[in-house]
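Text of the file final.cif, holding mmCIF, C-alpha atoms:
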```cif
data_coords
loop_
_atom_site.label_atom_id
_atom_site.label_comp_id
_atom_site.auth_asym_id
_atom_site.auth_seq_id
_atom_site.Cartn_x
_atom_site.Cartn_y
_atom_site.Cartn_z
CA MET A 1 0.00 0.00 0.00
CA SER A 2 1.43 3.36 -1.00
CA LYS A 3 1.89 6.27 1.32
CA LEU A 4 1.16 9.91 0.56
CA TYR A 5 3.55 12.67 1.55
CA ILE A 6 2.13 16.17 1.69
CA GLY A 7 4.58 19.06 1.86
CA ILE A 8 3.32 22.45 2.98
CA ASP A 9 5.15 25.74 2.58
CA PRO A 10 2.84 27.72 4.89
CA GLY A 11 3.54 31.23 3.63
CA ALA A 12 0.90 33.17 1.69
CA ASN A 13 3.18 32.81 -1.34
CA GLY A 14 3.77 29.13 -0.62
CA GLY A 15 1.95 26.03 -1.65
CA ILE A 16 1.05 22.44 -1.04
CA ALA A 17 2.41 19.37 -2.82
CA SER A 18 1.41 15.73 -2.52
CA TYR A 19 3.74 12.93 -3.60
CA ASN A 20 3.26 9.17 -3.41
CA GLY A 21 6.66 8.16 -4.78
CA LYS A 22 5.41 8.25 -8.36
CA GLU A 23 2.90 11.05 -8.89
CA LEU A 24 3.16 14.66 -7.82
CA HIS A 25 0.27 17.12 -7.46
CA THR A 26 0.66 20.77 -6.49
CA ILE A 27 -1.54 23.67 -5.43
CA LYS A 28 -0.44 27.28 -4.94
CA CYS A 29 -1.45 28.46 -1.48
CA PRO A 30 -5.13 29.36 -1.68
CA SER A 31 -6.34 32.58 -0.12
CA GLY A 32 -8.35 32.15 3.06
CA GLY A 33 -9.08 29.32 5.46
CA LYS A 34 -12.00 27.81 3.53
CA ALA A 35 -10.00 27.48 0.31
CA MET A 36 -6.98 26.15 2.23
CA ALA A 37 -9.14 23.49 3.91
CA HIS A 38 -10.74 22.59 0.58
CA SER A 39 -7.32 22.08 -1.01
CA VAL A 40 -6.21 19.65 1.71
CA ARG A 41 -9.56 17.81 1.73
CA THR A 42 -9.32 17.42 -2.06
CA VAL A 43 -5.87 15.82 -1.77
CA VAL A 44 -6.98 13.52 1.06
CA ASN A 45 -10.23 12.52 -0.67
CA SER A 46 -8.40 11.72 -3.90
CA PHE A 47 -5.96 9.49 -2.02
CA GLU A 48 -8.81 7.73 -0.19
CA LEU A 49 -10.70 7.19 -3.48
CA ASP A 50 -7.58 5.46 -4.82
CA GLY A 51 -7.76 3.04 -1.87
CA GLY A 52 -5.40 4.86 0.49
CA ALA A 53 -6.10 5.32 4.18
CA LYS A 54 -5.65 8.54 6.16
CA SER A 55 -3.22 6.65 8.38
CA ARG A 56 -0.93 6.38 5.32
CA ILE A 57 -0.66 10.17 4.91
CA LEU A 58 2.17 12.19 6.40
CA VAL A 59 2.02 15.98 6.24
CA THR A 60 5.32 17.81 6.59
CA PHE A 61 5.23 21.51 7.40
CA GLU A 62 8.12 23.84 6.94
CA ARG A 63 8.76 25.13 10.48
CA VAL A 64 9.08 28.83 9.97
CA HIS A 65 8.49 32.00 11.93
CA ALA A 66 8.28 35.72 11.41
CA PHE A 67 11.49 37.70 11.65
CA PRO A 68 12.00 40.64 14.02
CA HIS A 69 12.35 43.06 11.09
CA ASP A 70 8.99 41.98 9.58
CA ALA A 71 6.21 44.53 9.83
CA ARG A 72 3.71 43.67 12.56
CA ASN A 73 0.87 43.32 10.06
CA SER A 74 2.77 40.92 7.80
CA ALA A 75 4.08 38.92 10.76
CA PHE A 76 0.52 38.60 12.06
CA LYS A 77 -0.80 37.46 8.65
CA PHE A 78 2.03 34.96 8.38
CA GLY A 79 1.22 33.54 11.82
CA MET A 80 -2.46 33.31 10.92
CA ASN A 81 -1.67 31.34 7.75
CA TYR A 82 0.67 29.02 9.65
CA GLY A 83 -1.95 28.42 12.32
CA MET A 84 -4.71 27.79 9.78
CA TRP A 85 -2.64 25.08 8.05
CA HIS A 86 -2.06 23.39 11.41
CA GLY A 87 -5.73 23.66 12.34
CA ILE A 88 -6.83 22.16 9.02
CA VAL A 89 -4.43 19.23 9.29
CA GLY A 90 -5.42 18.67 12.93
CA ALA A 91 -9.15 18.80 12.16
CA LEU A 92 -8.64 16.18 9.43
CA ARG A 93 -6.71 14.05 11.94
CA LEU A 94 -3.68 13.70 9.71
CA SER A 95 -0.24 12.76 11.02
CA TYR A 96 2.23 15.58 10.67
CA CYS A 97 5.75 16.66 11.44
CA GLU A 98 7.71 19.85 11.01
CA VAL A 99 11.08 20.40 9.40
CA THR A 100 13.20 23.53 9.47
CA PRO A 101 14.18 25.14 6.17
CA GLN A 102 17.84 24.55 7.08
CA LYS A 103 17.27 20.80 7.41
CA TRP A 104 15.28 20.12 4.25
CA GLN A 105 17.34 22.54 2.15
CA ALA A 106 20.60 20.90 3.30
CA TYR A 107 19.30 17.69 1.70
CA TYR A 108 19.47 19.45 -1.69
CA ILE A 109 22.09 22.18 -1.25
CA HIS A 110 25.60 21.51 -0.02
CA GLU A 111 27.03 25.01 -0.12
CA LYS A 112 26.14 28.42 1.26
CA MET A 113 24.05 30.61 -1.06
CA GLU A 114 22.36 33.97 -0.91
CA LYS A 115 18.55 33.78 -0.66
CA LYS A 116 17.77 34.77 -4.27
CA GLU A 117 20.36 32.36 -5.68
CA ARG A 118 19.18 29.59 -3.31
CA LYS A 119 15.51 30.03 -4.34
CA LYS A 120 16.42 29.79 -8.05
CA TYR A 121 18.59 26.74 -7.40
CA LEU A 122 15.86 24.96 -5.42
CA LYS A 123 13.36 25.70 -8.19
CA SER A 124 15.74 24.18 -10.74
CA ILE A 125 16.16 21.06 -8.58
CA ALA A 126 12.39 20.63 -8.28
CA GLN A 127 11.99 21.09 -12.04
CA GLU A 128 14.76 18.57 -12.71
CA ARG A 129 13.22 15.96 -10.37
CA PHE A 130 9.70 16.51 -11.72
CA PRO A 131 10.08 17.47 -15.40
CA ASP A 132 6.35 16.94 -16.14
CA THR A 133 5.34 19.59 -13.59
CA LYS A 134 5.47 23.33 -14.23
CA VAL A 135 7.46 24.34 -11.16
CA THR A 136 7.04 27.90 -9.90
CA LEU A 137 8.66 29.70 -6.98
CA ALA A 138 5.32 29.45 -5.16
CA ILE A 139 5.24 25.65 -5.17
CA CYS A 140 8.89 24.59 -5.41
CA ASP A 141 9.49 24.51 -1.63
CA ALA A 142 6.35 22.43 -1.03
CA ILE A 143 7.46 19.99 -3.74
CA LEU A 144 10.91 19.58 -2.24
CA ILE A 145 9.53 19.26 1.30
CA ALA A 146 7.21 16.43 0.18
CA LYS A 147 10.11 14.73 -1.67
CA PHE A 148 12.38 15.23 1.37
CA ALA A 149 9.77 13.55 3.63
CA HIS A 150 9.39 10.65 1.19
CA ASP A 151 13.13 10.09 0.76
CA ASN A 152 13.97 10.42 4.44
CA GLU A 153 11.25 8.02 5.51
CA LEU A 154 12.62 5.48 3.02
CA LEU A 155 16.16 6.05 4.34
CA ALA A 156 14.96 5.58 7.94
CA GLN A 157 13.44 2.21 7.04
CA HIS A 158 16.80 0.84 5.85
#
```

Using structure tokens, write down the structure that the file contains.
Amino acid sequence: MSKLYIGIDPGANGGIASYNGKELHTIKCPSGGKAMAHSVRTVVNSFELDGGAKSRILVTFERVHAFPHDARNSAFKFGMNYGMWHGIVGALRLSYCEVTPQKWQAYYIHEKMEKKERKKYLKSIAQERFPDTKVTLAICDAILIAKFAHDNELLAQH
């Protein structure tokens, strides 16, 4: 029985990706709690219709936080988005874990890079690994988080 790995980049400019080891599906972060919940329910329902069980789904969030130099309003909005993703996943009773950007990015990048260069590089890695998907900056982190969760769970089993 396959397992589904859902990667969530919780920022407003982030996204959600689901990966079962073969197929990848992505969604740019919807605006608002209802649309966010609908996107996760759609992924879960599709997996269940294919014979998968909720217990075979692992959601991996990027563990992020606002920075001290962020404006209060944007930091508040960021925290709201982060909390909504957690609430949705909790309400659906899905198993989840969190991973820091440093940890999942180190799986793909082995040298220090400036943020802009790093983002472009990560996008190119996601595009290379999933050539049939149109990878954008909005969804590339979610894709790589889902792939990181998949690969690391396989490594832990061996």

Can you turn the PyMOL selection byres ((chain A and resi 138-142) around 12) into a concrete residue list for this file, as a PyMOL selection string?
chain A and resi 5-19+24-30+59-62+99-101+104-105+108+118-130+133-137+143-149

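For the choices A:Glu23, A:Ser95, A:Lys3, A:Glu114, the atom-to-atom distance to A:Ala53 is smallest for A:Lys3 when using only C-alpha atoms.
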
Considering only C-alpha atoms, can you say which of A:Glu98, A:Leu92, A:Glu153, A:Ala106 comes closest to A:Val43?
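The closest residue to A:Val43 is A:Leu92.
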
Measure the distance from atom CA of A:His86 to atom CA of A:Ala37 in Å and round it to one decimal.
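For atom CA of A:His86 relative to atom CA of A:Ala37, the distance reads 10.3 Å.
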
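Atom CA of A:Met80 sits 12.1 Å away from atom CA of A:Met36.
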
Please compute the atom CA of A:Gly21-atom CA of A:Ile109 distance, one decimal, in Å.
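So the answer is 21.1 Å.
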
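Each of A:Val89, A:Tyr82, A:Ile57, A:Cys97 was compared to A:His38 using only C-alpha atoms, and A:Val89 turns out to be the nearest.
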
A:Lys22 proximity check over A:Glu117, A:Asp132, A:Asn152, A:Thr42, using all atoms listed in the file: winner is A:Asp132

Counting all atoms listed in the file, the residue of A:Asn20, A:Ser31, A:Ser55, A:Asn81 that sits nearest A:Leu94:
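Between A:Asn20, A:Ser31, A:Ser55, A:Asn81, the residue approaching A:Leu94 most closely is A:Ser55.
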
Reconstructed N, CA and C atoms for stretch 82-114 of chain A, given as a PDB file, in the coordinates of the input:
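Just written: rebuild-v9.pdb:
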```pdb
ATOM      1  N   TYR A  82      -0.009  30.177   9.053  1.00  0.00           N
ATOM      2  CA  TYR A  82       0.670  29.020   9.650  1.00  0.00           C
ATOM      3  C   TYR A  82      -0.285  28.268  10.574  1.00  0.00           C
ATOM      4  N   GLY A  83      -0.998  29.021  11.396  1.00  0.00           N
ATOM      5  CA  GLY A  83      -1.950  28.420  12.320  1.00  0.00           C
ATOM      6  C   GLY A  83      -3.122  27.764  11.612  1.00  0.00           C
ATOM      7  N   MET A  84      -3.593  28.381  10.527  1.00  0.00           N
ATOM      8  CA  MET A  84      -4.710  27.790   9.780  1.00  0.00           C
ATOM      9  C   MET A  84      -4.298  26.440   9.183  1.00  0.00           C
ATOM     10  N   TRP A  85      -3.103  26.365   8.602  1.00  0.00           N
ATOM     11  CA  TRP A  85      -2.640  25.080   8.050  1.00  0.00           C
ATOM     12  C   TRP A  85      -2.620  24.009   9.136  1.00  0.00           C
ATOM     13  N   HIS A  86      -2.105  24.358  10.302  1.00  0.00           N
ATOM     14  CA  HIS A  86      -2.060  23.390  11.410  1.00  0.00           C
ATOM     15  C   HIS A  86      -3.457  22.987  11.861  1.00  0.00           C
ATOM     16  N   GLY A  87      -4.358  23.947  11.939  1.00  0.00           N
ATOM     17  CA  GLY A  87      -5.730  23.660  12.340  1.00  0.00           C
ATOM     18  C   GLY A  87      -6.430  22.740  11.347  1.00  0.00           C
ATOM     19  N   ILE A  88      -6.215  22.983  10.067  1.00  0.00           N
ATOM     20  CA  ILE A  88      -6.830  22.160   9.020  1.00  0.00           C
ATOM     21  C   ILE A  88      -6.327  20.725   9.112  1.00  0.00           C
ATOM     22  N   VAL A  89      -5.027  20.571   9.216  1.00  0.00           N
ATOM     23  CA  VAL A  89      -4.430  19.230   9.290  1.00  0.00           C
ATOM     24  C   VAL A  89      -4.882  18.518  10.567  1.00  0.00           C
ATOM     25  N   GLY A  90      -4.946  19.253  11.672  1.00  0.00           N
ATOM     26  CA  GLY A  90      -5.420  18.670  12.930  1.00  0.00           C
ATOM     27  C   GLY A  90      -6.878  18.265  12.857  1.00  0.00           C
ATOM     28  N   ALA A  91      -7.721  19.108  12.269  1.00  0.00           N
ATOM     29  CA  ALA A  91      -9.150  18.800  12.160  1.00  0.00           C
ATOM     30  C   ALA A  91      -9.383  17.564  11.286  1.00  0.00           C
ATOM     31  N   LEU A  92      -8.516  17.360  10.297  1.00  0.00           N
ATOM     32  CA  LEU A  92      -8.640  16.180   9.430  1.00  0.00           C
ATOM     33  C   LEU A  92      -7.964  14.951  10.034  1.00  0.00           C
ATOM     34  N   ARG A  93      -7.378  15.133  11.217  1.00  0.00           N
ATOM     35  CA  ARG A  93      -6.710  14.050  11.940  1.00  0.00           C
ATOM     36  C   ARG A  93      -5.617  13.369  11.123  1.00  0.00           C
ATOM     37  N   LEU A  94      -4.798  14.208  10.495  1.00  0.00           N
ATOM     38  CA  LEU A  94      -3.680  13.700   9.710  1.00  0.00           C
ATOM     39  C   LEU A  94      -2.406  13.734  10.542  1.00  0.00           C
ATOM     40  N   SER A  95      -1.547  12.757  10.344  1.00  0.00           N
ATOM     41  CA  SER A  95      -0.240  12.760  11.020  1.00  0.00           C
ATOM     42  C   SER A  95       0.619  13.842  10.386  1.00  0.00           C
ATOM     43  N   TYR A  96       1.368  14.543  11.231  1.00  0.00           N
ATOM     44  CA  TYR A  96       2.230  15.580  10.670  1.00  0.00           C
ATOM     45  C   TYR A  96       3.524  15.694  11.450  1.00  0.00           C
ATOM     46  N   CYS A  97       4.486  16.307  10.797  1.00  0.00           N
ATOM     47  CA  CYS A  97       5.750  16.660  11.440  1.00  0.00           C
ATOM     48  C   CYS A  97       6.175  18.002  10.875  1.00  0.00           C
ATOM     49  N   GLU A  98       7.178  18.578  11.480  1.00  0.00           N
ATOM     50  CA  GLU A  98       7.710  19.850  11.010  1.00  0.00           C
ATOM     51  C   GLU A  98       9.191  19.678  10.717  1.00  0.00           C
ATOM     52  N   VAL A  99       9.671  20.425   9.748  1.00  0.00           N
ATOM     53  CA  VAL A  99      11.080  20.400   9.400  1.00  0.00           C
ATOM     54  C   VAL A  99      11.526  21.839   9.155  1.00  0.00           C
ATOM     55  N   THR A 100      12.691  22.172   9.668  1.00  0.00           N
ATOM     56  CA  THR A 100      13.200  23.530   9.470  1.00  0.00           C
ATOM     57  C   THR A 100      13.683  23.684   8.026  1.00  0.00           C
ATOM     58  N   PRO A 101      13.665  24.918   7.524  1.00  0.00           N
ATOM     59  CA  PRO A 101      14.180  25.140   6.170  1.00  0.00           C
ATOM     60  C   PRO A 101      15.651  24.699   6.061  1.00  0.00           C
ATOM     61  N   GLN A 102      16.415  24.928   7.120  1.00  0.00           N
ATOM     62  CA  GLN A 102      17.840  24.550   7.080  1.00  0.00           C
ATOM     63  C   GLN A 102      17.997  23.046   6.865  1.00  0.00           C
ATOM     64  N   LYS A 103      17.140  22.258   7.504  1.00  0.00           N
ATOM     65  CA  LYS A 103      17.270  20.800   7.410  1.00  0.00           C
ATOM     66  C   LYS A 103      16.877  20.284   6.032  1.00  0.00           C
ATOM     67  N   TRP A 104      15.695  20.667   5.539  1.00  0.00           N
ATOM     68  CA  TRP A 104      15.280  20.120   4.250  1.00  0.00           C
ATOM     69  C   TRP A 104      16.120  20.691   3.108  1.00  0.00           C
ATOM     70  N   GLN A 105      16.528  21.952   3.225  1.00  0.00           N
ATOM     71  CA  GLN A 105      17.340  22.540   2.150  1.00  0.00           C
ATOM     72  C   GLN A 105      18.737  21.925   2.107  1.00  0.00           C
ATOM     73  N   ALA A 106      19.273  21.536   3.257  1.00  0.00           N
ATOM     74  CA  ALA A 106      20.600  20.900   3.300  1.00  0.00           C
ATOM     75  C   ALA A 106      20.591  19.555   2.576  1.00  0.00           C
ATOM     76  N   TYR A 107      19.434  18.950   2.441  1.00  0.00           N
ATOM     77  CA  TYR A 107      19.300  17.690   1.700  1.00  0.00           C
ATOM     78  C   TYR A 107      19.581  17.908   0.208  1.00  0.00           C
ATOM     79  N   TYR A 108      19.311  19.129  -0.270  1.00  0.00           N
ATOM     80  CA  TYR A 108      19.470  19.450  -1.690  1.00  0.00           C
ATOM     81  C   TYR A 108      20.664  20.364  -1.986  1.00  0.00           C
ATOM     82  N   ILE A 109      21.031  21.189  -1.034  1.00  0.00           N
ATOM     83  CA  ILE A 109      22.090  22.180  -1.250  1.00  0.00           C
ATOM     84  C   ILE A 109      23.244  21.885  -0.302  1.00  0.00           C
ATOM     85  N   HIS A 110      24.433  21.843  -0.843  1.00  0.00           N
ATOM     86  CA  HIS A 110      25.600  21.510  -0.020  1.00  0.00           C
ATOM     87  C   HIS A 110      26.609  22.644   0.059  1.00  0.00           C
ATOM     88  N   GLU A 111      26.164  23.837  -0.230  1.00  0.00           N
ATOM     89  CA  GLU A 111      27.030  25.010  -0.120  1.00  0.00           C
ATOM     90  C   GLU A 111      26.182  26.211   0.287  1.00  0.00           C
ATOM     91  N   LYS A 112      26.838  27.218   0.816  1.00  0.00           N
ATOM     92  CA  LYS A 112      26.140  28.420   1.260  1.00  0.00           C
ATOM     93  C   LYS A 112      25.771  29.269   0.042  1.00  0.00           C
ATOM     94  N   MET A 113      24.536  29.768   0.036  1.00  0.00           N
ATOM     95  CA  MET A 113      24.050  30.610  -1.060  1.00  0.00           C
ATOM     96  C   MET A 113      23.235  31.763  -0.507  1.00  0.00           C
ATOM     97  N   GLU A 114      23.242  32.854  -1.244  1.00  0.00           N
ATOM     98  CA  GLU A 114      22.360  33.970  -0.910  1.00  0.00           C
ATOM     99  C   GLU A 114      20.921  33.554  -1.216  1.00  0.00           C
TER     100      GLU A 114
END
```
